[in-house]
>>> print(open('structure_6.cif').read())   # mmCIF, C-alpha atoms
data_final
loop_
_atom_site.label_atom_id
_atom_site.label_comp_id
_atom_site.auth_asym_id
_atom_site.auth_seq_id
_atom_site.Cartn_x
_atom_site.Cartn_y
_atom_site.Cartn_z
CA MET A 1 76.32 109.59 122.46
CA LEU A 2 78.18 107.84 119.65
CA ASN A 3 77.45 108.97 116.12
CA PRO A 4 76.88 105.88 113.89
CA LEU A 5 77.91 107.83 110.78
CA HIS A 6 81.20 108.76 112.45
CA LEU A 7 81.83 105.09 113.33
CA ILE A 8 81.21 104.01 109.74
CA LYS A 9 83.58 106.68 108.39
CA THR A 10 86.26 105.69 110.91
CA LYS A 11 85.94 102.03 109.97
CA CYS A 12 86.19 102.83 106.25
CA HIS A 13 89.25 105.01 106.87
CA GLY A 14 90.92 102.15 108.74
CA ALA A 15 90.10 99.76 105.89
CA VAL A 16 91.67 102.11 103.34
CA CYS A 17 94.80 102.30 105.51
CA LEU A 18 95.02 98.50 105.54
CA CYS A 19 94.57 98.41 101.76
CA PHE A 20 97.30 101.04 101.39
CA MET A 21 99.67 98.90 103.47
CA ALA A 22 98.83 95.85 101.32
CA GLN A 23 99.62 97.85 98.17
CA PHE A 24 102.81 99.21 99.76
CA LEU A 25 104.15 95.77 100.73
CA ALA A 26 103.20 94.24 97.37
CA ALA A 27 105.08 97.06 95.60
CA LEU A 28 108.04 96.59 97.93
CA ASP A 29 108.12 92.86 97.17
CA ALA A 30 108.31 93.66 93.45
CA LEU A 31 110.92 96.43 93.80
CA ILE A 32 113.36 94.94 96.31
CA ILE A 33 114.39 92.12 94.01
CA VAL A 34 116.15 94.57 91.66
CA PRO A 35 118.91 95.80 94.04
CA LEU A 36 119.26 92.37 95.70
CA SER A 37 119.19 90.21 92.55
CA ALA A 38 122.97 90.30 92.05
CA ASP A 39 123.61 89.02 95.60
CA ILE A 40 120.94 86.34 95.19
CA VAL A 41 122.35 84.82 91.99
CA LEU A 42 125.91 84.88 93.31
CA ASP A 43 124.76 83.15 96.49
CA ALA A 44 123.01 80.55 94.33
CA GLY A 45 126.24 79.93 92.40
CA VAL A 46 125.00 81.06 88.97
CA PRO A 47 126.40 83.80 86.68
CA ALA A 48 125.43 87.37 87.55
CA ALA A 49 123.99 87.81 84.04
CA ARG A 50 121.01 85.68 85.14
CA ALA A 51 119.95 88.20 87.78
CA GLY A 52 117.34 89.68 85.43
CA TYR A 53 115.49 86.36 85.33
CA LEU A 54 114.29 86.93 88.89
CA THR A 55 112.60 90.20 87.90
CA THR A 56 111.23 88.69 84.68
CA ALA A 57 109.71 85.73 86.53
CA TYR A 58 107.85 88.05 88.88
CA SER A 59 106.68 90.38 86.08
CA LEU A 60 105.36 87.61 83.83
CA ALA A 61 103.45 85.99 86.69
CA ALA A 62 101.98 89.33 87.77
CA ALA A 63 100.90 90.06 84.19
CA ALA A 64 99.29 86.61 83.95
CA ALA A 65 97.36 87.30 87.16
CA GLY A 66 95.91 90.43 85.59
CA LEU A 67 94.64 88.39 82.64
CA ILE A 68 93.34 85.36 84.54
CA LEU A 69 91.74 86.92 87.60
CA ASN A 70 88.48 88.87 87.59
CA VAL A 71 87.16 91.31 90.17
CA SER A 72 83.64 91.31 91.56
CA GLN A 73 81.33 93.61 93.52
CA ASP A 74 80.96 91.17 96.44
CA LYS A 75 82.84 92.69 99.36
CA ARG A 76 82.91 89.46 101.37
CA ARG A 77 84.38 87.54 98.42
CA GLU A 78 86.99 90.21 97.74
CA LYS A 79 88.10 90.22 101.38
CA ARG A 80 88.63 86.45 101.24
CA ARG A 81 90.69 86.86 98.09
CA ILE A 82 92.82 89.59 99.69
CA LEU A 83 93.52 87.23 102.59
CA LEU A 84 94.37 84.41 100.16
CA TYR A 85 96.76 86.54 98.12
CA LEU A 86 98.42 87.97 101.23
CA ALA A 87 98.95 84.43 102.54
CA GLY A 88 100.36 83.31 99.19
CA ILE A 89 102.81 86.19 98.76
CA SER A 90 103.98 85.98 102.38
CA VAL A 91 104.68 82.23 102.09
CA ALA A 92 106.46 82.67 98.74
CA THR A 93 108.59 85.56 100.07
CA LEU A 94 109.57 83.67 103.21
CA SER A 95 110.29 80.53 101.17
CA LEU A 96 112.71 82.45 98.94
CA SER A 97 114.91 83.03 101.97
CA LEU A 98 115.04 79.28 102.63
CA VAL A 99 115.88 77.82 99.20
CA ASN A 100 119.35 77.60 97.63
CA HIS A 101 118.68 76.25 94.14
CA PHE A 102 118.26 78.96 91.50
CA GLY A 103 115.42 77.11 89.78
CA LEU A 104 113.45 77.01 93.01
CA MET A 105 114.16 80.71 93.51
CA LEU A 106 112.60 81.44 90.12
CA VAL A 107 109.56 79.36 91.08
CA MET A 108 109.19 81.29 94.34
CA ARG A 109 109.37 84.61 92.48
CA MET A 110 106.73 83.42 90.00
CA VAL A 111 104.44 82.40 92.86
CA ALA A 112 105.05 85.74 94.59
CA GLY A 113 104.38 87.58 91.31
CA PHE A 114 101.07 85.80 90.74
CA PHE A 115 99.81 86.44 94.26
CA GLY A 116 101.26 89.96 94.28
CA GLY A 117 99.59 90.82 90.98
CA GLY A 118 96.29 89.41 92.22
CA LEU A 119 96.62 91.30 95.50
CA THR A 120 97.12 94.70 93.85
CA LEU A 121 94.19 94.06 91.52
CA VAL A 122 91.66 92.92 94.13
CA ASN A 123 92.93 95.38 96.72
CA LEU A 124 92.25 98.37 94.45
CA ASN A 125 88.82 97.02 93.57
CA TYR A 126 88.01 96.68 97.28
CA VAL A 127 88.96 100.32 97.90
CA LEU A 128 86.69 101.43 95.05
CA MET A 129 83.81 99.48 96.61
CA LEU A 130 84.40 101.33 99.88
CA SER A 131 84.50 104.72 98.17
CA THR A 132 81.70 107.11 97.40
CA ASP A 133 81.48 109.28 94.29
CA GLN A 134 82.81 112.21 96.32
CA ASN A 135 86.00 110.55 97.62
CA LYS A 136 86.66 107.94 94.92
CA LYS A 137 89.48 109.93 93.31
CA GLN A 138 91.12 110.60 96.67
CA GLN A 139 90.95 106.96 97.78
CA THR A 140 92.29 105.71 94.44
CA ALA A 141 95.17 108.19 94.54
CA THR A 142 95.98 107.15 98.11
CA VAL A 143 96.32 103.47 97.20
CA LEU A 144 98.21 104.05 93.94
CA SER A 145 100.69 106.38 95.67
CA ALA A 146 101.96 103.39 97.68
CA PHE A 147 104.33 102.53 94.81
CA PRO A 148 106.49 105.69 94.90
CA LEU A 149 106.49 105.59 98.70
CA ALA A 150 107.76 102.00 98.60
CA LEU A 151 110.53 103.15 96.26
CA ALA A 152 111.47 106.13 98.44
CA VAL A 153 111.16 104.63 101.93
CA GLY A 154 110.61 100.88 101.72
CA VAL A 155 113.52 99.89 99.48
CA PRO A 156 116.22 101.85 101.41
CA GLY A 157 114.84 100.54 104.72
CA LEU A 158 114.80 96.93 103.55
CA LEU A 159 118.29 97.27 102.06
CA PHE A 160 119.48 98.40 105.50
CA VAL A 161 117.97 95.24 107.03
CA ALA A 162 119.58 93.11 104.28
CA ALA A 163 123.02 94.72 104.70
CA ASP A 164 124.50 91.55 106.24
CA HIS A 165 122.71 89.05 103.97
CA TRP A 166 119.95 89.30 101.38
CA ARG A 167 117.91 86.57 103.11
CA SER A 168 117.34 88.84 106.11
CA GLY A 169 115.50 91.33 103.91
CA PHE A 170 113.06 88.74 102.59
CA VAL A 171 112.49 87.26 106.06
CA CYS A 172 111.61 90.75 107.33
CA LEU A 173 109.31 91.42 104.36
CA GLY A 174 107.61 88.03 104.69
CA LEU A 175 106.94 88.61 108.38
CA MET A 176 105.49 92.06 107.66
CA LEU A 177 103.17 90.50 105.06
CA ALA A 178 102.13 87.80 107.56
CA GLY A 179 101.46 90.47 110.20
CA LEU A 180 99.38 92.46 107.76
CA LEU A 181 97.43 89.29 106.98
CA MET A 182 96.34 89.09 110.62
CA CYS A 183 95.43 92.79 110.66
CA VAL A 184 93.35 92.47 107.48
CA TRP A 185 91.58 89.38 108.84
CA ARG A 186 90.55 91.28 111.96
CA GLY A 187 90.16 94.83 110.65
CA LEU A 188 88.86 94.70 107.08
CA PRO A 189 85.05 94.80 106.90
CA SER A 190 83.55 91.93 104.92
CA SER A 191 79.98 93.16 104.80
CA SER A 192 78.09 96.41 104.85
CA ALA A 193 76.28 97.92 107.81
CA THR A 194 72.99 96.26 106.85
CA GLU A 195 71.88 93.57 104.43
CA LYS A 196 69.50 96.06 102.87
CA ALA A 197 72.32 98.42 101.94
CA ARG A 198 74.27 95.50 100.52
CA LYS A 199 71.35 94.44 98.34
CA GLN A 200 70.81 98.00 97.20
CA ARG A 201 74.44 98.26 96.09
CA LYS A 202 74.13 95.00 94.16
CA GLU A 203 70.91 96.10 92.49
CA CYS A 204 72.43 99.48 91.69
CA GLY A 205 75.46 97.78 90.15
CA LYS A 206 73.27 95.54 88.02
CA GLU A 207 71.12 98.44 86.86
CA ARG A 208 74.17 100.49 85.91
CA GLU A 209 75.69 97.59 83.98
CA GLU A 210 72.42 96.87 82.17
CA THR A 211 72.11 100.57 81.31
CA LEU A 212 75.63 100.61 79.90
CA VAL A 213 74.96 97.53 77.81
CA THR A 214 71.69 98.79 76.35
CA GLN A 215 72.68 102.38 75.67
CA ALA A 216 75.86 102.50 73.61
CA PRO A 217 78.08 99.42 73.89
CA PRO A 218 80.29 100.25 70.87
CA LEU A 219 81.05 103.69 72.31
CA ASN A 220 81.86 102.23 75.70
CA ASP A 221 84.22 99.71 74.12
CA GLY A 222 85.94 102.54 72.29
CA LEU A 223 86.22 104.48 75.54
CA LEU A 224 87.78 101.47 77.24
CA TRP A 225 90.44 101.03 74.57
CA LEU A 226 91.20 104.74 74.54
CA SER A 227 91.75 104.51 78.30
CA VAL A 228 94.05 101.55 77.69
CA GLY A 229 95.96 103.60 75.11
CA VAL A 230 96.34 106.56 77.47
CA ILE A 231 97.92 104.48 80.25
CA PHE A 232 100.02 102.36 77.88
CA ALA A 233 101.43 105.46 76.13
CA ALA A 234 102.20 107.12 79.47
CA ILE A 235 104.14 104.12 80.82
CA LEU A 236 105.88 103.43 77.50
CA SER A 237 107.08 107.03 77.04
CA THR A 238 108.25 107.10 80.65
CA PHE A 239 110.30 103.91 80.60
CA MET A 240 111.79 104.60 77.18
CA VAL A 241 113.71 107.41 78.91
CA SER A 242 113.77 106.39 82.60
CA THR A 243 115.63 103.12 81.96
CA GLN A 244 118.40 105.05 80.18
CA TYR A 245 118.56 108.13 82.40
CA PRO A 246 120.60 106.44 85.20
CA VAL A 247 122.86 104.86 82.56
CA MET A 248 123.54 108.30 81.09
CA LEU A 249 124.29 109.75 84.54
CA GLN A 250 126.78 107.00 85.42
CA VAL A 251 128.47 106.53 82.03
CA ASN A 252 128.56 110.06 80.61
CA PHE A 253 128.78 112.06 83.86
CA GLY A 254 130.29 109.57 86.33
CA VAL A 255 127.56 110.08 88.95
CA SER A 256 128.18 107.97 92.07
CA GLU A 257 125.78 105.32 93.32
CA HIS A 258 125.21 107.27 96.54
CA LEU A 259 124.06 110.34 94.61
CA LEU A 260 121.87 108.18 92.38
CA SER A 261 120.27 106.54 95.44
CA GLY A 262 119.62 109.98 96.90
CA CYS A 263 117.93 111.01 93.65
CA TYR A 264 115.61 107.98 93.84
CA ILE A 265 114.69 108.64 97.48
CA LEU A 266 113.98 112.33 96.87
CA SER A 267 112.01 111.74 93.68
CA GLY A 268 109.97 108.91 95.20
CA ALA A 269 109.01 111.00 98.23
CA CYS A 270 108.06 113.99 96.06
CA SER A 271 105.98 111.76 93.75
CA PHE A 272 104.07 110.37 96.73
CA LEU A 273 103.32 113.85 98.06
CA THR A 274 102.30 115.13 94.62
CA VAL A 275 99.77 112.35 94.04
CA GLN A 276 98.41 112.68 97.57
CA LEU A 277 97.93 116.41 97.03
CA TYR A 278 96.22 115.87 93.69
CA GLY A 279 93.79 113.37 95.23
CA ARG A 280 92.67 115.99 97.75
CA VAL A 281 92.25 119.07 95.56
CA SER A 282 89.08 120.00 93.74
CA ALA A 283 88.81 119.07 90.08
CA ALA A 284 87.46 122.57 89.42
CA ASN A 285 90.68 124.15 90.68
CA PHE A 286 93.03 121.79 88.82
CA PRO A 287 91.32 120.23 85.76
CA ALA A 288 92.85 116.89 84.80
CA HIS A 289 93.68 117.83 81.21
CA ARG A 290 95.65 120.91 82.28
CA VAL A 291 97.61 118.93 84.88
CA ILE A 292 98.42 116.19 82.36
CA TRP A 293 99.56 118.69 79.72
CA LEU A 294 101.69 120.56 82.28
CA LEU A 295 103.38 117.37 83.52
CA SER A 296 104.01 116.19 79.94
CA VAL A 297 105.72 119.46 79.03
CA LEU A 298 107.78 119.33 82.24
CA MET A 299 108.82 115.77 81.35
CA MET A 300 110.14 116.99 78.00
CA VAL A 301 112.00 119.91 79.61
CA ALA A 302 113.54 117.71 82.33
CA THR A 303 114.63 115.15 79.74
CA TRP A 304 116.21 117.75 77.46
CA ALA A 305 117.91 119.57 80.35
CA GLY A 306 119.33 116.37 81.84
CA PHE A 307 120.65 114.73 78.68
CA TYR A 308 122.19 117.96 77.38
CA ALA A 309 123.41 119.22 80.78
CA SER A 310 126.85 120.74 81.17
CA GLY A 311 127.58 119.09 84.52
CA PRO A 312 126.57 116.14 86.75
CA GLN A 313 124.66 118.29 89.25
CA ILE A 314 122.36 119.72 86.58
CA ALA A 315 121.90 116.27 85.02
CA ALA A 316 121.02 114.73 88.41
CA SER A 317 118.56 117.55 89.11
CA GLY A 318 116.93 116.92 85.73
CA PHE A 319 116.64 113.23 86.63
CA VAL A 320 114.86 113.99 89.91
CA ILE A 321 112.40 116.33 88.18
CA PHE A 322 111.80 113.77 85.42
CA VAL A 323 111.04 110.96 87.86
CA VAL A 324 108.69 113.16 89.92
CA VAL A 325 106.67 114.51 86.98
CA SER A 326 106.60 111.23 85.01
CA ALA A 327 105.55 109.12 88.01
CA SER A 328 102.98 111.73 89.02
CA ARG A 329 101.60 111.87 85.48
CA THR A 330 101.23 108.09 85.26
CA LEU A 331 99.58 107.77 88.69
CA ILE A 332 97.25 110.71 88.05
CA LEU A 333 96.21 109.25 84.68
CA MET A 334 95.55 105.88 86.28
CA THR A 335 93.59 107.53 89.10
CA GLU A 336 91.44 109.54 86.69
CA VAL A 337 90.82 106.61 84.34
CA ILE A 338 89.96 104.05 87.01
CA SER A 339 87.84 106.37 89.16
CA THR A 340 85.82 107.84 86.25
CA LEU A 341 85.13 104.75 84.15
CA PRO A 342 81.66 103.18 84.42
CA LEU A 343 81.35 99.96 86.40
CA ARG A 344 81.70 97.50 83.51
CA GLU A 345 84.68 99.27 81.91
CA ARG A 346 86.34 99.80 85.29
CA MET A 347 86.25 96.09 86.07
CA LYS A 348 87.79 95.30 82.68
CA MET A 349 90.39 98.04 83.05
CA MET A 350 91.63 96.77 86.41
CA GLY A 351 92.10 93.34 84.87
CA LEU A 352 94.25 94.83 82.10
CA GLN A 353 96.26 97.12 84.36
CA ASN A 354 99.01 94.68 85.38
CA LEU A 355 99.46 93.45 81.82
CA LEU A 356 99.67 97.03 80.52
CA GLN A 357 102.29 98.02 83.05
CA HIS A 358 104.64 95.11 82.49
CA LEU A 359 104.22 95.10 78.72
CA ALA A 360 104.88 98.84 78.44
CA VAL A 361 107.90 98.62 80.75
CA GLY A 362 109.43 95.85 78.64
CA ILE A 363 108.79 97.53 75.29
CA GLY A 364 109.90 100.96 76.53
CA GLY A 365 113.17 99.64 77.92
CA ALA A 366 113.91 97.69 74.74
CA LEU A 367 113.17 100.69 72.47
CA GLY A 368 115.38 102.95 74.56
CA SER A 369 118.28 100.50 74.31
CA LEU A 370 117.90 100.03 70.55
CA LEU A 371 118.08 103.78 69.87
CA ILE A 372 121.36 104.35 71.73
CA VAL A 373 124.68 104.60 69.85
CA THR A 374 128.05 103.83 71.49
CA LEU A 375 130.76 106.41 70.76
CA ALA A 376 134.52 106.36 71.23
CA GLY A 377 135.66 106.12 74.82
CA GLN A 378 132.54 104.12 75.78
CA ARG A 379 130.43 107.29 75.85
CA LEU A 380 126.82 106.95 74.74
CA ASP A 381 124.88 109.03 72.23
CA PHE A 382 121.19 109.34 73.17
CA THR A 383 120.18 111.57 70.24
CA GLY A 384 118.11 108.89 68.49
CA MET A 385 116.27 107.99 71.67
CA LEU A 386 115.48 111.64 72.38
CA GLN A 387 114.21 112.23 68.84
CA VAL A 388 111.67 109.44 69.35
CA GLY A 389 111.03 109.74 73.09
CA LEU A 390 110.42 113.49 73.38
CA PRO A 391 107.55 113.70 70.82
CA PHE A 392 106.10 110.43 72.13
CA MET A 393 105.58 112.06 75.55
CA LEU A 394 102.78 114.11 73.98
CA CYS A 395 100.77 110.99 73.02
CA SER A 396 99.16 110.61 76.44
CA PRO A 397 97.74 114.17 76.69
CA LEU A 398 96.53 113.99 73.08
CA LEU A 399 94.80 110.66 73.71
CA TRP A 400 93.38 112.06 76.94
CA GLN A 401 91.84 114.97 75.02
CA LEU A 402 90.27 112.52 72.57
CA ARG A 403 88.99 110.37 75.45
CA SER A 404 87.46 113.41 77.18
CA ARG A 405 85.59 114.41 74.03
CA MET A 406 84.33 110.86 73.57
CA LEU A 407 83.16 110.75 77.18
CA CYS A 408 81.29 114.05 76.75
CA ARG A 409 79.54 112.75 73.64
CA SER A 410 78.56 109.58 75.48
CA GLU A 411 77.07 111.59 78.35
CA GLU A 412 75.20 113.85 75.90
CA ALA A 413 73.74 110.82 74.15
CA VAL A 414 72.57 109.40 77.49
CA ASN A 415 70.99 112.74 78.45
CA ARG A 416 69.15 112.99 75.11
CA LYS A 417 67.73 109.49 75.55
CA GLU A 418 66.61 110.27 79.09
CA ALA A 419 65.01 113.52 77.93
CA SER A 420 63.11 111.76 75.15
#
>>> encode(input="structure_6.cif", output="structure tokens")
Amino acid sequence: MLNPLHLIKTKCHGAVCLCFMAQFLAALDALIIVPLSADIVLDAGVPAARAGYLTTAYSLAAAAAGLILNVSQDKRREKRRILLYLAGISVATLSLSLVNHFGLMLVMRMVAGFFGGGLTLVNLNYVLMLSTDQNKKQQTATVLSAFPLALAVGVPGLLFVAADHWRSGFVCLGLMLAGLLMCVWRGLPSSSATEKARKQRKECGKEREETLVTQAPPLNDGLLWLSVGVIFAAILSTFMVSTQYPVMLQVNFGVSEHLLSGCYILSGACSFLTVQLYGRVSAANFPAHRVIWLLSVLMMVATWAGFYASGPQIAASGFVIFVVVSASRTLILMTEVISTLPLRERMKMMGLQNLLQHLAVGIGGALGSLLIVTLAGQRLDFTGMLQVGLPFMLCSPLLWQLRSRMLCRSEEAVNRKEAS
């Protein structure tokens, strides 16, 4: 005899797998433009210096999607939006392979960025709606770990497909997105097992939101902005160093592109495994604040060891460790923040997530470049960047400690009101 509970769990597991694939392909669409941008602009007959515009167009559109779009707690509505965004990004990606004018290419990347940003936002919200309190952290970590996996596996695989011509890579990616669209249409549940359960979830969501509004709205707003600060500081401190680390390896140590590619593949795979492992362990065994402090200290050690290394092998090893611990720290922070925030704050936070990421990446890269000094023989001095970047890596764990204390006080205040 079939167990209905087993069928529900199997269906939810399949839905999470589909959401993971959507996140993976959206991340791949954003990442693949970087190594292929030089070929694209040369094929379009414009100077190679304009290659960065393709990445900027995507990033700005994805950030705008995070500001404009809102998530909801209606599963049927969110499924329709996932289908819409998958259709939009697949059409835009396929269209890029068909156009020759650089202006149209920028338009296609902006369209892909808007739909890709909306897809990652709604997709994560859908996974959270499927999750229970017991597996919410695990499900969130699973979906967020799609980004390092796309970097480690997806980008090299798509570059192999695009070896003859860059258009082949985008045709392949567009077809994969279209195929996933059909799978999501058939396999993603759009309603709960019963209408009663659906109504109960809606009523529960309304009661929780009303409780949050009536109890301590100023404290909740402060908690939201502290969460914003934690993620922003983590991404900013990471990209202040990560954008300059490969430059240092190639300019100061003469590391080859093949070795650098191997470093990215290894670090991306290790980051994926680390986040997956963290999502499955008990919080009692590995408290979040200890993990975040440990990763922050390892980031500082890997940065110092790499930039002051005596040889290219040690510097490349430091780069791999830095990418693994920094990516793991950022994804773990995002997992903890998103999965532990109350309903109202979580919905706001997911809307700000894309904007935070792209803004922090831009500011971090610019700060890192401004603090570098060029020496004789075209060698680079990174002392100024390290003097700012190393202490700044401690901002995230310090803000996390402050956030944890604020969250404890909020829970104590709620308990006192319930007791009275």
>>> residues_around(input="structure_6.cif", residues="A:Leu224", least_positions_apart="6", cutoff="10 Å", atoms="all atoms listed in the file", output="VMD selection string")
chain A and resid 218 230 337 341 to 342 344 to 346 348 to 349 403
>>> resolve_selection(input="structure_6.cif", expression="the PyMOL selection byres ((chain A and resi 293-295) around 9)", output="list in words")
Ala288, His289, Arg290, Val291, Ile292, Ser296, Val297, Leu298, Met299, Met300, Val325, Ser326, Ser328, Arg329, Leu394, Ser396, Pro397 and Leu398 of chain A
>>> resolve_selection(input="structure_6.cif", expression="the PyMOL selection byres ((chain A and resi 262) around 12)", output="list in words")
Leu151, Ala152, Val153, Pro156, Val255, Ser256, Glu257, His258, Leu259, Leu260, Ser261, Cys263, Tyr264, Ile265, Leu266, Ser267, Gly268, Ala269, Ala316, Ser317, Phe319 and Val320 of chain A
>>> residues_near_point(input="structure_6.cif", point="(118.4, 87.7, 90.4)", cutoff="7 Å", atoms="all atoms listed in the file", output="PDB file with C-alpha atoms, in the coordinates of the input")
ATOM      1  CA  ILE A  33     114.390  92.120  94.010  1.00  0.00           C
ATOM      2  CA  SER A  37     119.190  90.210  92.550  1.00  0.00           C
ATOM      3  CA  ALA A  38     122.970  90.300  92.050  1.00  0.00           C
ATOM      4  CA  ILE A  40     120.940  86.340  95.190  1.00  0.00           C
ATOM      5  CA  VAL A  41     122.350  84.820  91.990  1.00  0.00           C
ATOM      6  CA  ARG A  50     121.010  85.680  85.140  1.00  0.00           C
ATOM      7  CA  ALA A  51     119.950  88.200  87.780  1.00  0.00           C
ATOM      8  CA  GLY A  52     117.340  89.680  85.430  1.00  0.00           C
ATOM      9  CA  TYR A  53     115.490  86.360  85.330  1.00  0.00           C
ATOM     10  CA  LEU A  54     114.290  86.930  88.890  1.00  0.00           C
ATOM     11  CA  THR A  55     112.600  90.200  87.900  1.00  0.00           C
TER      12      THR A  55
END
>>> atom_distance(input="structure_6.cif", atom1="atom CA of A:Val281", atom2="atom CA of A:His13")
18.3 Å
>>> atom_distance(input="structure_6.cif", atom1="atom CA of A:Asn123", atom2="atom CA of A:Ile82")
6.5 Å
>>> closest_atom_pairs(input="structure_6.cif", of="stretch 19-70 of chain A", to="stretch 360-384 of chain A", cutoff="12 Å", atoms="all atoms listed in the file", output="Markdown table")
| residue | atom | partner | partner_atom | distance |
| --- | --- | --- | --- | --- |
| A:Thr55 | CA | A:Gly362 | CA | 11.3 |
| A:Thr56 | CA | A:Gly362 | CA | 9.5 |
| A:Ser59 | CA | A:Gly362 | CA | 9.6 |
| A:Leu60 | CA | A:Gly362 | CA | 10.6 |
| A:Ala63 | CA | A:Ala360 | CA | 11.2 |
>>> resolve_selection(input="structure_6.cif", expression="the PyMOL selection byres ((chain A and resi 92) around 12)", output="ChimeraX atom specification")
/A:29,58,85-91,93-99,104-116,170-171,173-175,177-178
>>> closest_residue(input="structure_6.cif", among="A:Tyr278, A:Phe20, A:Trp166, A:Trp400", to="A:Ala146", atoms="all atoms listed in the file")
A:Phe20
>>> closest_residue(input="structure_6.cif", among="A:Tyr245, A:Phe24, A:Phe272, A:Phe102", to="A:Trp304", atoms="only C-alpha atoms")
A:Tyr245
>>> residues_near_point(input="structure_6.cif", point="(126.6, 116.5, 87.9)", cutoff="10 Å", atoms="only C-alpha atoms", output="list in words")
Leu249, Gln250, Asn252, Phe253, Gly254, Val255, Ser256, Leu259, Gly306, Ala309, Ser310, Gly311, Pro312, Gln313, Ile314, Ala315, Ala316, Ser317 and Gly318 of chain A
>>> atom_distance(input="structure_6.cif", atom1="atom CA of A:Leu188", atom2="atom CA of A:Ser72")
16.7 Å
>>> closest_residue(input="structure_6.cif", among="A:Thr303, A:Ser410, A:Ser271, A:Ser145", to="A:Thr238", atoms="only C-alpha atoms")
A:Thr303
>>> closest_residue(input="structure_6.cif", among="A:Gly179, A:Gly222, A:Gly157, A:Pro246", to="A:Phe322", atoms="only C-alpha atoms")
A:Pro246
>>> closest_residue(input="structure_6.cif", among="A:Pro189, A:Ala141, A:Leu180, A:Gly154", to="A:Leu273", atoms="all atoms listed in the file")
A:Ala141
>>> residues_around(input="structure_6.cif", residues="A:Phe147", least_positions_apart="5", cutoff="8 Å", atoms="all atoms listed in the file", output="ChimeraX atom specification")
/A:23-24,27-28
>>> closest_residue(input="structure_6.cif", among="A:Met248, A:Leu18, A:Leu25, A:Leu130", to="A:Leu158", atoms="all atoms listed in the file")
A:Leu25
>>> residues_around(input="structure_6.cif", residues="A:Gln138", least_positions_apart="6", cutoff="8 Å", atoms="only C-alpha atoms", output="ChimeraX atom specification")
/A:276,278-280
